[in-house]
>>> print(open('data_31.cif').read())   # mmCIF, C-alpha atoms
data_query
#
loop_
_atom_site.label_atom_id
_atom_site.label_comp_id
_atom_site.auth_asym_id
_atom_site.auth_seq_id
_atom_site.Cartn_x
_atom_site.Cartn_y
_atom_site.Cartn_z
CA MET A 19 9.09 3.19 -30.36
CA LEU A 20 10.63 1.49 -27.31
CA ASP A 21 11.18 -2.26 -27.54
CA PHE A 22 8.80 -4.65 -25.80
CA GLU A 23 11.23 -5.65 -23.04
CA THR A 24 11.93 -2.04 -22.07
CA LEU A 25 8.22 -1.19 -21.98
CA ARG A 26 7.52 -4.14 -19.73
CA LEU A 27 10.29 -3.04 -17.36
CA ILE A 28 8.95 0.52 -17.35
CA TRP A 29 5.44 -0.66 -16.51
CA TRP A 30 6.74 -2.97 -13.80
CA PHE A 31 8.45 0.06 -12.28
CA LEU A 32 5.41 2.33 -12.77
CA LEU A 33 3.11 -0.21 -11.13
CA GLY A 34 5.40 -0.34 -8.12
CA PHE A 35 5.61 3.46 -8.06
CA LEU A 36 1.81 3.80 -8.08
CA LEU A 37 1.33 1.22 -5.34
CA ALA A 38 4.02 2.86 -3.21
CA GLY A 39 2.42 6.25 -3.85
CA PHE A 40 -0.90 4.86 -2.67
CA ALA A 41 0.72 3.50 0.51
CA ILE A 42 2.39 6.84 1.25
CA PHE A 43 -0.40 9.26 0.45
CA ASP A 44 -3.54 7.28 1.24
CA GLY A 45 -1.62 5.48 3.95
CA PHE A 46 -1.45 8.40 6.38
CA ASP A 47 -5.21 8.98 6.31
CA PHE A 48 -5.78 5.25 6.89
CA GLY A 49 -3.40 5.61 9.82
CA VAL A 50 -5.23 8.66 11.15
CA GLY A 51 -8.54 6.79 10.95
CA ALA A 52 -7.09 3.81 12.79
CA LEU A 53 -5.78 6.12 15.52
CA LEU A 54 -9.01 8.12 15.92
CA PRO A 55 -10.54 6.31 18.97
CA TRP A 56 -7.19 6.23 20.78
CA ILE A 57 -5.54 9.54 20.08
CA ALA A 58 -8.59 11.81 20.48
CA ARG A 59 -10.62 11.52 23.68
CA THR A 60 -13.23 14.26 23.37
CA ASP A 61 -15.64 15.16 20.60
CA SER A 62 -13.71 18.35 19.86
CA GLU A 63 -10.41 16.45 19.65
CA ARG A 64 -11.93 13.88 17.30
CA ARG A 65 -13.22 16.60 15.02
CA VAL A 66 -9.73 18.09 14.96
CA VAL A 67 -8.24 14.74 13.94
CA ILE A 68 -10.89 14.12 11.27
CA ASN A 69 -10.42 17.57 9.78
CA THR A 70 -6.66 17.14 9.42
CA ILE A 71 -7.38 14.70 6.59
CA GLY A 72 -10.76 16.09 5.55
CA PRO A 73 -9.46 18.19 2.63
CA VAL A 74 -7.16 15.52 1.17
CA TRP A 75 -8.48 12.00 1.78
CA GLU A 76 -10.60 11.85 -1.38
CA GLY A 77 -7.77 13.06 -3.58
CA ASN A 78 -5.40 10.55 -1.99
CA GLN A 79 -7.57 7.72 -3.29
CA THR A 80 -6.57 8.70 -6.83
CA TRP A 81 -3.48 6.57 -6.28
CA ILE A 82 -5.40 3.32 -5.77
CA ILE A 83 -7.53 4.07 -8.84
CA LEU A 84 -4.38 4.63 -10.87
CA GLY A 85 -2.80 1.46 -9.49
CA ALA A 86 -5.84 -0.71 -10.21
CA GLY A 87 -6.15 0.88 -13.65
CA ALA A 88 -2.49 0.15 -14.39
CA ILE A 89 -2.94 -3.50 -13.41
CA PHE A 90 -6.07 -3.78 -15.59
CA ALA A 91 -4.53 -2.17 -18.67
CA ALA A 92 -0.87 -3.16 -18.44
CA PHE A 93 -1.12 -6.65 -16.91
CA PRO A 94 -4.62 -8.07 -17.61
CA PRO A 95 -3.91 -11.65 -16.45
CA LEU A 96 -2.68 -10.26 -13.12
CA TYR A 97 -5.89 -8.25 -12.82
CA GLY A 98 -7.98 -11.35 -13.50
CA ALA A 99 -6.01 -13.57 -11.13
CA SER A 100 -5.91 -11.10 -8.24
CA PHE A 101 -9.48 -9.83 -8.49
CA SER A 102 -10.79 -13.40 -8.81
CA GLY A 103 -8.61 -15.07 -6.21
CA PHE A 104 -8.93 -12.30 -3.62
CA TYR A 105 -12.59 -11.61 -4.42
CA LEU A 106 -14.04 -11.96 -0.90
CA ALA A 107 -11.11 -10.09 0.62
CA LEU A 108 -11.62 -7.28 -1.92
CA ILE A 109 -15.32 -7.12 -1.07
CA GLY A 110 -14.36 -6.72 2.59
CA LEU A 111 -11.84 -4.07 1.58
CA LEU A 112 -14.44 -2.13 -0.40
CA PHE A 113 -17.03 -2.31 2.39
CA SER A 114 -14.51 -1.01 4.92
CA MET A 115 -13.45 1.81 2.59
CA ILE A 116 -17.09 2.74 1.94
CA LEU A 117 -17.44 3.45 5.67
CA ARG A 118 -14.97 6.34 5.37
CA PRO A 119 -16.98 8.81 3.24
CA GLY A 120 -20.07 8.10 5.32
CA GLY A 121 -18.12 8.74 8.50
CA PHE A 122 -16.61 11.99 7.22
CA LYS A 123 -19.87 13.34 5.82
CA TYR A 124 -22.40 12.29 8.47
CA ARG A 125 -20.56 12.04 11.78
CA SER A 126 -21.07 15.65 12.87
CA LYS A 127 -24.54 16.13 11.38
CA LEU A 128 -26.21 15.23 14.69
CA GLN A 129 -25.31 16.22 18.24
CA SER A 130 -26.09 12.73 19.58
CA THR A 131 -23.14 11.19 21.41
CA THR A 132 -24.24 7.69 20.39
CA TRP A 133 -24.48 8.73 16.73
CA ARG A 134 -20.99 10.21 16.72
CA THR A 135 -19.46 7.31 18.65
CA ILE A 136 -20.81 4.81 16.13
CA TRP A 137 -19.30 6.76 13.24
CA ASP A 138 -16.00 7.10 15.13
CA HIS A 139 -15.78 3.32 15.41
CA LEU A 140 -16.72 2.89 11.76
CA LEU A 141 -13.98 5.34 10.78
CA PHE A 142 -11.58 3.23 12.84
CA VAL A 143 -12.66 0.12 10.90
CA GLY A 144 -12.29 2.03 7.63
CA GLY A 145 -8.77 3.04 8.64
CA ALA A 146 -7.48 -0.23 10.13
CA VAL A 147 -8.99 -2.94 7.92
CA PRO A 148 -7.69 -1.82 4.47
CA PRO A 149 -3.99 -1.76 5.51
CA LEU A 150 -4.42 -5.17 7.14
CA LEU A 151 -6.02 -6.69 4.02
CA PHE A 152 -3.47 -5.12 1.67
CA GLY A 153 -0.65 -6.58 3.77
CA VAL A 154 -2.35 -9.99 3.88
CA ALA A 155 -2.65 -9.90 0.09
CA VAL A 156 1.08 -9.15 -0.30
CA GLY A 157 1.92 -11.99 2.09
CA ASN A 158 -0.12 -14.44 0.03
CA VAL A 159 1.53 -13.30 -3.19
CA LEU A 160 4.97 -13.88 -1.65
CA GLU A 161 3.92 -17.40 -0.67
CA GLY A 162 2.29 -18.17 -4.01
CA VAL A 163 -1.39 -18.02 -4.92
CA PRO A 164 -3.30 -21.28 -5.67
CA PHE A 165 -4.40 -20.72 -9.27
CA HIS A 166 -3.86 -22.36 -12.63
CA PHE A 167 -4.80 -21.99 -16.28
CA ASP A 168 -6.37 -24.58 -18.56
CA GLU A 169 -5.27 -25.13 -22.16
CA TRP A 170 -7.40 -22.16 -23.27
CA GLN A 171 -5.68 -19.91 -20.71
CA ARG A 172 -8.84 -19.67 -18.63
CA LEU A 173 -7.91 -18.94 -15.03
CA PHE A 174 -9.11 -21.04 -12.09
CA TYR A 175 -8.58 -20.10 -8.44
CA ASP A 176 -8.37 -23.11 -6.13
CA GLY A 177 -8.03 -21.43 -2.73
CA THR A 178 -10.47 -20.23 -0.07
CA PHE A 179 -10.93 -16.96 1.78
CA PHE A 180 -9.78 -18.41 5.11
CA GLY A 181 -6.76 -19.91 3.38
CA LEU A 182 -5.58 -16.34 2.83
CA LEU A 183 -5.45 -15.80 6.60
CA ASN A 184 -2.32 -17.87 7.22
CA PRO A 185 0.34 -16.87 9.80
CA PHE A 186 2.87 -15.35 7.39
CA ALA A 187 0.20 -13.34 5.57
CA ILE A 188 -1.15 -12.03 8.88
CA LEU A 189 2.40 -10.98 9.84
CA CYS A 190 2.63 -9.04 6.56
CA GLY A 191 -0.73 -7.47 7.42
CA LEU A 192 0.66 -6.36 10.78
CA VAL A 193 3.71 -4.84 9.06
CA SER A 194 1.33 -2.86 6.84
CA VAL A 195 -0.86 -1.69 9.74
CA SER A 196 2.13 -0.73 11.85
CA MET A 197 3.87 1.33 9.17
CA LEU A 198 0.68 3.17 8.14
CA VAL A 199 -0.43 3.86 11.72
CA SER A 200 3.06 5.27 12.37
CA HIS A 201 2.79 7.34 9.18
CA GLY A 202 -0.59 8.67 10.32
CA ALA A 203 0.83 9.60 13.72
CA VAL A 204 3.70 11.52 12.07
CA TYR A 205 1.14 13.35 9.93
CA LEU A 206 -0.82 14.34 13.06
CA VAL A 207 2.35 15.67 14.66
CA ASN A 208 2.57 18.08 11.73
CA LYS A 209 -1.14 18.96 11.60
CA THR A 210 -2.18 19.30 15.26
CA GLU A 211 -1.04 21.02 18.41
CA GLY A 212 -1.30 20.66 22.16
CA VAL A 213 -2.39 17.39 23.75
CA ILE A 214 -3.24 15.68 20.45
CA GLN A 215 0.20 16.45 19.07
CA ALA A 216 1.82 15.14 22.27
CA ARG A 217 -0.04 11.83 21.99
CA ALA A 218 0.81 11.60 18.30
CA LYS A 219 4.51 12.14 19.07
CA ARG A 220 4.55 9.21 21.48
CA ILE A 221 3.00 6.91 18.88
CA ALA A 222 5.21 8.29 16.09
CA SER A 223 8.30 7.60 18.19
CA LEU A 224 7.34 4.02 19.07
CA GLY A 225 5.50 2.95 15.92
CA PRO A 226 8.50 2.89 13.55
CA LEU A 227 10.40 0.67 16.00
CA VAL A 228 7.49 -1.79 15.98
CA THR A 229 7.50 -1.64 12.18
CA ILE A 230 11.23 -2.39 12.08
CA ALA A 231 10.79 -5.42 14.38
CA LEU A 232 7.91 -6.82 12.31
CA PHE A 233 9.68 -6.09 9.00
CA VAL A 234 12.86 -7.84 10.12
CA LEU A 235 10.84 -10.81 11.40
CA ALA A 236 9.06 -11.03 8.03
CA GLY A 237 12.45 -10.88 6.30
CA PHE A 238 13.78 -13.84 8.28
CA TRP A 239 10.57 -15.73 7.57
CA VAL A 240 10.99 -15.08 3.83
CA ALA A 241 14.60 -16.25 3.99
CA PHE A 242 14.06 -19.43 5.98
CA GLY A 243 10.38 -20.31 5.88
CA VAL A 244 8.80 -19.21 2.60
CA GLN A 245 9.04 -21.04 -0.71
CA GLY A 246 10.33 -18.61 -3.34
CA TYR A 247 10.17 -18.89 -7.13
CA VAL A 248 12.89 -18.70 -9.80
CA VAL A 249 12.59 -18.81 -13.59
CA ALA A 250 14.88 -21.69 -14.51
CA ALA A 251 14.35 -21.72 -18.28
CA GLY A 252 12.27 -20.04 -20.98
CA GLY A 253 10.20 -16.92 -20.37
CA ALA A 254 11.83 -14.67 -22.95
CA TRP A 255 11.75 -11.05 -21.80
CA ASN A 256 10.98 -9.82 -25.30
CA GLY A 257 8.68 -12.69 -26.28
CA PRO A 258 4.89 -13.03 -26.50
CA SER A 259 2.72 -12.70 -23.40
CA ASN A 260 2.21 -16.38 -22.67
CA PRO A 261 2.67 -17.81 -19.14
CA PHE A 262 3.12 -21.34 -20.56
CA THR A 263 6.60 -20.81 -22.02
CA LYS A 264 8.81 -21.04 -18.92
CA THR A 265 10.03 -23.48 -16.31
CA VAL A 266 9.94 -22.34 -12.68
CA THR A 267 11.71 -23.91 -9.71
CA VAL A 268 10.54 -23.46 -6.13
CA HIS A 269 12.68 -23.58 -2.99
CA THR A 270 12.98 -21.91 0.38
CA GLY A 271 14.84 -18.60 0.32
CA ALA A 272 14.58 -18.17 -3.45
CA TRP A 273 13.24 -14.63 -3.04
CA LEU A 274 16.72 -13.61 -1.87
CA ALA A 275 18.34 -14.60 -5.18
CA ASN A 276 17.72 -11.20 -6.77
CA TYR A 277 19.97 -9.51 -4.22
CA GLY A 278 22.90 -11.53 -5.52
CA THR A 279 22.02 -10.98 -9.18
CA TYR A 280 21.17 -7.28 -8.76
CA PRO A 281 23.08 -5.99 -5.70
CA TRP A 282 21.55 -2.51 -6.00
CA MET A 283 18.21 -4.00 -4.90
CA ILE A 284 19.48 -4.15 -1.31
CA LEU A 285 18.82 -0.39 -1.25
CA ALA A 286 15.09 -1.11 -0.88
CA PRO A 287 15.14 -2.86 2.53
CA MET A 288 17.95 -0.55 3.68
CA LEU A 289 15.74 2.46 2.87
CA GLY A 290 12.82 0.87 4.71
CA LEU A 291 14.87 0.37 7.86
CA ALA A 292 16.86 3.63 7.72
CA GLY A 293 13.74 5.69 7.06
CA ALA A 294 11.98 4.20 10.07
CA VAL A 295 14.96 4.83 12.35
CA LEU A 296 15.30 8.39 11.10
CA THR A 297 11.59 9.01 11.69
CA THR A 298 11.93 8.27 15.40
CA ARG A 299 14.79 10.77 15.62
CA LEU A 300 13.11 13.56 13.62
CA VAL A 301 9.58 13.42 14.99
CA GLY A 302 10.54 15.57 17.97
CA SER A 303 12.64 18.02 15.97
CA PRO A 304 11.65 21.65 15.26
CA LYS A 305 10.79 20.57 11.69
CA PRO A 306 8.64 17.42 12.04
CA ILE A 307 7.86 17.63 8.32
CA LEU A 308 11.24 15.94 7.87
CA ALA A 309 9.92 13.02 9.91
CA PHE A 310 6.97 12.77 7.50
CA VAL A 311 9.39 12.66 4.57
CA SER A 312 11.51 9.96 6.20
CA SER A 313 8.38 8.00 7.11
CA GLY A 314 7.28 8.14 3.47
CA ALA A 315 10.75 7.00 2.40
CA SER A 316 10.51 4.06 4.80
CA ILE A 317 7.16 3.02 3.34
CA PHE A 318 8.58 3.31 -0.18
CA GLY A 319 11.47 1.08 0.85
CA ILE A 320 9.28 -1.56 2.49
CA VAL A 321 6.85 -1.73 -0.43
CA SER A 322 9.75 -1.81 -2.89
CA THR A 323 11.37 -4.66 -0.98
CA ALA A 324 8.45 -6.93 -1.81
CA GLY A 325 8.55 -5.86 -5.45
CA VAL A 326 12.28 -6.27 -6.08
CA SER A 327 12.45 -9.54 -4.13
CA MET A 328 9.85 -11.07 -6.43
CA PHE A 329 11.14 -9.63 -9.73
CA PRO A 330 10.19 -10.57 -12.41
CA PHE A 331 7.22 -12.35 -10.80
CA LEU A 332 3.95 -10.49 -10.33
CA MET A 333 1.89 -13.39 -8.96
CA PRO A 334 3.48 -16.84 -8.58
CA SER A 335 1.22 -19.89 -8.75
CA SER A 336 1.54 -22.40 -5.92
CA ASN A 337 -0.57 -24.95 -7.86
CA ASN A 338 1.42 -24.82 -11.09
CA PRO A 339 4.61 -22.77 -10.68
CA ASN A 340 5.32 -22.92 -14.43
CA GLN A 341 2.12 -20.90 -14.99
CA SER A 342 3.15 -18.11 -12.62
CA LEU A 343 2.64 -14.59 -13.93
CA THR A 344 5.67 -12.40 -14.55
CA ALA A 345 6.14 -8.89 -15.89
CA PHE A 346 7.29 -10.41 -19.18
CA ASP A 347 4.55 -12.96 -19.88
CA ALA A 348 1.48 -11.26 -18.39
CA SER A 349 1.60 -7.85 -20.06
CA SER A 350 -0.60 -6.21 -22.65
CA SER A 351 0.56 -5.79 -26.22
CA HIS A 352 3.54 -3.68 -27.24
CA TYR A 353 1.27 -1.05 -28.78
CA THR A 354 -1.00 -0.87 -25.71
CA LEU A 355 1.91 -0.37 -23.32
CA MET A 356 3.30 2.38 -25.55
CA ILE A 357 0.00 4.28 -25.75
CA MET A 358 -0.41 3.99 -21.98
CA LEU A 359 3.11 5.26 -21.41
CA VAL A 360 2.47 8.35 -23.54
CA SER A 361 -0.77 9.00 -21.61
CA THR A 362 1.06 8.58 -18.31
CA ILE A 363 3.79 11.02 -19.34
CA ILE A 364 1.07 13.59 -20.09
CA PHE A 365 -1.27 13.12 -17.15
CA MET A 366 0.98 12.02 -14.27
CA PRO A 367 2.69 15.43 -13.96
CA ILE A 368 -0.75 17.08 -13.90
CA ILE A 369 -1.82 14.85 -11.02
CA ILE A 370 1.40 15.50 -9.11
CA ILE A 371 1.17 19.28 -9.65
CA TYR A 372 -2.48 19.37 -8.59
CA THR A 373 -1.80 17.24 -5.51
CA SER A 374 1.13 19.47 -4.54
CA TRP A 375 -1.05 22.56 -4.92
CA VAL A 376 -3.77 21.08 -2.69
CA TYR A 377 -1.27 20.25 0.06
CA LYS A 378 0.23 23.72 -0.20
CA MET A 379 -3.17 25.42 0.12
CA MET A 380 -4.17 23.20 3.06
CA ARG A 381 -0.90 23.52 4.96
CA GLY A 382 -0.91 24.53 8.61
CA THR A 383 -2.39 23.01 11.75
CA VAL A 384 -5.98 22.33 12.76
CA SER A 385 -6.95 23.48 16.24
CA SER A 386 -9.97 23.14 18.52
CA LYS A 387 -10.57 26.89 18.16
CA TYR A 388 -10.73 26.53 14.38
CA ILE A 389 -13.30 23.73 14.76
CA ASP A 390 -15.40 25.81 17.20
CA ASP A 391 -15.28 28.86 14.93
CA ASN A 392 -16.28 26.83 11.86
CA SER A 393 -18.38 24.09 13.41
CA HIS A 394 -21.03 24.23 10.67
CA SER A 395 -18.65 24.12 7.71
CA VAL A 396 -16.14 21.44 8.74
CA TYR A 397 -16.48 17.72 9.34
#
>>> encode(input="data_31.cif", output="structure tokens")
Amino acid sequence: MLDFETLRLIWWFLLGFLLAGFAIFDGFDFGVGALLPWIARTDSERRVVINTIGPVWEGNQTWIILGAGAIFAAFPPLYGASFSGFYLALIGLLFSMILRPGGFKYRSKLQSTTWRTIWDHLLFVGGAVPPLLFGVAVGNVLEGVPFHFDEWQRLFYDGTFFGLLNPFAILCGLVSVSMLVSHGAVYLVNKTEGVIQARAKRIASLGPLVTIALFVLAGFWVAFGVQGYVVAAGGAWNGPSNPFTKTVTVHTGAWLANYGTYPWMILAPMLGLAGAVLTTRLVGSPKPILAFVSSGASIFGIVSTAGVSMFPFLMPSSNNPNQSLTAFDASSSHYTLMIMLVSTIIFMPIIIIYTSWVYKMMRGTVSSKYIDDNSHSVY
């Protein structure tokens, strides 16, 4: 059996992998939804756009289920802190995501222009709001979340919903929206043709540059304007899961300390920037699928940057920094992590193989002619 420290490191990595997978695979259909009112100007064009993601959007949501499940099972205190502290934001997230299945299923059931326009706008909300809220959540975690534990390790959240909407968190939300809208545009370049593809190419060429600018701005803000957290003493990596056993110091720019301790971590922001630059160069190439790959790599790099910058913290506490949650004092038991790892080794390949098969079967473009020929069997 693997030792406790190694298991915690593995689950820290797996959690990041699942969240990055969610951003990459569910991210492009969020981006497509956010682009719907702008990139498609007729009813036929909007049906084309909707049907590019119609066969895959439900399966893509497997990643967020896996991510939330991993947080619940592997890091229960993190689950309790995040789902309590961000409760109202999560309710808004769920309501916006609920709009998507309704929009996909009911939009084309009636010929009414008003009916379809309403659903188009709701699909836009369902595509734009989740990336914004996810980014805002990450921004708040980087700044520190106002929570604390009492002597019985009962968690208390001391913040407010509007307190989450601070300038730095909103900037992180814009980074998230920009990178996923760009990812959605690159996906449409691969899945459409004609005028829709031309519009998507323009957005896919500009969007990554906007993402780079926002990402760099957020990086400077983290370096010079955000209080970071460092474990100064205690917090044994192989010790019991108890957030009371460490001393944490807080100072501006502390999130950059990991890059000096672990130089390889610089690969994460470099991948985020290089992938975005490469996307703008590849989107007009004869093989735009390469642009989709580079866009996914950029998202992986950007998401990973937040994770490696904070390591080993999962959710720092701005109220009581010493009670911040880390990968080494907020995990489940040794035995639980081992059982979960075995289950993941069995089932994760199945999910990846199935997802690959679905994308292979649904490859190719969606055209207006296809929609007209199958108007009663497609969205």
>>> resolve_selection(input="data_31.cif", expression="the PyMOL selection byres ((chain A and resi 239) around 12)", output="PyMOL selection string")
chain A and resi 157+160-161+185-187+189-190+232-238+240-246+270-274
>>> atom_distance(input="data_31.cif", atom1="CA of Phe310 in chain A", atom2="CA of Asn208 in chain A")
8.1 Å
>>> atom_distance(input="data_31.cif", atom1="CA of Val248 in chain A", atom2="CA of Val268 in chain A")
6.5 Å
>>> closest_residue(input="data_31.cif", among="A:Tyr397, A:Lys387, A:Glu23, A:Thr362", to="Arg125 in chain A", atoms="all atoms listed in the file")
A:Tyr397
>>> residues_around(input="data_31.cif", residues="range 46-60 of chain A", least_positions_apart="3", cutoff="6 Å", atoms="only C-alpha atoms", output="list in words")
Glu63, Arg64, Leu141, Phe142, Gly145, Ala146, Leu198, Val199, His201 and Gly202 of chain A
>>> closest_residue(input="data_31.cif", among="A:Thr132, A:Thr383, A:Ser349, A:Ser374", to="Trp30 in chain A", atoms="only C-alpha atoms")
A:Ser349
>>> atom_distance(input="data_31.cif", atom1="CA of Asn276 in chain A", atom2="CA of Ile28 in chain A")
18.1 Å
>>> resolve_selection(input="data_31.cif", expression="the PyMOL selection byres ((chain A and resi 284) around 12)", output="short mmCIF file (atom, residue, chain, number, x, y, z; two decimals) with C-alpha atoms, in the coordinates of the input")
data_model
loop_
_atom_site.label_atom_id
_atom_site.label_comp_id
_atom_site.auth_asym_id
_atom_site.auth_seq_id
_atom_site.Cartn_x
_atom_site.Cartn_y
_atom_site.Cartn_z
CA LEU A 274 16.72 -13.61 -1.87
CA ALA A 275 18.34 -14.60 -5.18
CA ASN A 276 17.72 -11.20 -6.77
CA TYR A 277 19.97 -9.51 -4.22
CA GLY A 278 22.90 -11.53 -5.52
CA THR A 279 22.02 -10.98 -9.18
CA TYR A 280 21.17 -7.28 -8.76
CA PRO A 281 23.08 -5.99 -5.70
CA TRP A 282 21.55 -2.51 -6.00
CA MET A 283 18.21 -4.00 -4.90
CA LEU A 285 18.82 -0.39 -1.25
CA ALA A 286 15.09 -1.11 -0.88
CA PRO A 287 15.14 -2.86 2.53
CA MET A 288 17.95 -0.55 3.68
CA LEU A 289 15.74 2.46 2.87
CA GLY A 290 12.82 0.87 4.71
CA LEU A 291 14.87 0.37 7.86
CA GLY A 319 11.47 1.08 0.85
CA ILE A 320 9.28 -1.56 2.49
CA SER A 322 9.75 -1.81 -2.89
CA THR A 323 11.37 -4.66 -0.98
CA ALA A 324 8.45 -6.93 -1.81
CA GLY A 325 8.55 -5.86 -5.45
CA VAL A 326 12.28 -6.27 -6.08
CA SER A 327 12.45 -9.54 -4.13
#
>>> resolve_selection(input="data_31.cif", expression="the PyMOL selection byres ((chain A and resi 83-95) around 10)", output="PyMOL selection string")
chain A and resi 25-26+29-30+32-40+78-82+96-101+171-173+259-261+332-333+343-352+354-356+358-359+362+366
>>> residues_around(input="data_31.cif", residues="Asn69 in chain A", least_positions_apart="6", cutoff="10 Å", atoms="only C-alpha atoms", output="PDB file with C-alpha atoms, in the coordinates of the input")
ATOM      1  CA  GLU A  63     -10.410  16.450  19.650  1.00  0.00           C
ATOM      2  CA  TRP A  75      -8.480  12.000   1.780  1.00  0.00           C
ATOM      3  CA  PHE A 122     -16.610  11.990   7.220  1.00  0.00           C
ATOM      4  CA  LYS A 209      -1.140  18.960  11.600  1.00  0.00           C
ATOM      5  CA  THR A 383      -2.390  23.010  11.750  1.00  0.00           C
ATOM      6  CA  VAL A 384      -5.980  22.330  12.760  1.00  0.00           C
ATOM      7  CA  SER A 385      -6.950  23.480  16.240  1.00  0.00           C
ATOM      8  CA  ILE A 389     -13.300  23.730  14.760  1.00  0.00           C
ATOM      9  CA  VAL A 396     -16.140  21.440   8.740  1.00  0.00           C
ATOM     10  CA  TYR A 397     -16.480  17.720   9.340  1.00  0.00           C
TER      11      TYR A 397
END
>>> closest_residue(input="data_31.cif", among="A:Phe262, A:Leu300, A:Ile68, A:Val360", to="Phe167 in chain A", atoms="only C-alpha atoms")
A:Phe262
>>> axis_aligned_box(input="data_31.cif", around="range 135-151 of chain A", padding_each_side="4 Å", output="JSON")
{"center_x": -12.4, "center_y": 0.3, "center_z": 11.3, "size_x": 24.8, "size_y": 22.0, "size_z": 22.6}
>>> residues_around(input="data_31.cif", residues="Thr297 in chain A", least_positions_apart="2", cutoff="7 Å", atoms="all atoms listed in the file", output="count of residues only")
9
>>> build_atoms(input="data_31.cif", residues="range 21-35 of chain A", atoms="N, CA and C atoms", output="compact mmCIF listing (two decimals), in the frame of the given file")
# COMPACT_ATOMS: atom_id res chain seq x y z
N ASP A 21 11.39 -0.83 -27.33
CA ASP A 21 11.18 -2.26 -27.54
C ASP A 21 10.31 -2.84 -26.43
N PHE A 22 9.78 -4.02 -26.68
CA PHE A 22 8.80 -4.65 -25.80
C PHE A 22 9.37 -4.88 -24.40
N GLU A 23 10.60 -5.38 -24.33
CA GLU A 23 11.23 -5.65 -23.04
C GLU A 23 11.34 -4.39 -22.19
N THR A 24 11.78 -3.30 -22.81
CA THR A 24 11.93 -2.04 -22.07
C THR A 24 10.58 -1.53 -21.57
N LEU A 25 9.55 -1.64 -22.40
CA LEU A 25 8.22 -1.19 -21.98
C LEU A 25 7.71 -2.01 -20.80
N ARG A 26 7.95 -3.30 -20.84
CA ARG A 26 7.52 -4.14 -19.73
C ARG A 26 8.25 -3.75 -18.44
N LEU A 27 9.54 -3.48 -18.54
CA LEU A 27 10.29 -3.04 -17.36
C LEU A 27 9.77 -1.71 -16.84
N ILE A 28 9.47 -0.79 -17.75
CA ILE A 28 8.95 0.52 -17.35
C ILE A 28 7.62 0.36 -16.62
N TRP A 29 6.75 -0.50 -17.14
CA TRP A 29 5.44 -0.66 -16.51
C TRP A 29 5.53 -1.45 -15.21
N TRP A 30 6.50 -2.33 -15.10
CA TRP A 30 6.74 -2.97 -13.80
C TRP A 30 7.15 -1.92 -12.78
N PHE A 31 8.03 -1.01 -13.18
CA PHE A 31 8.45 0.06 -12.28
C PHE A 31 7.29 1.01 -11.97
N LEU A 32 6.52 1.40 -12.99
CA LEU A 32 5.41 2.33 -12.77
C LEU A 32 4.35 1.73 -11.86
N LEU A 33 4.08 0.43 -12.01
CA LEU A 33 3.11 -0.21 -11.13
C LEU A 33 3.58 -0.15 -9.69
N GLY A 34 4.85 -0.44 -9.47
CA GLY A 34 5.40 -0.34 -8.12
C GLY A 34 5.35 1.08 -7.59
N PHE A 35 5.64 2.05 -8.46
CA PHE A 35 5.61 3.46 -8.06
C PHE A 35 4.20 3.87 -7.65
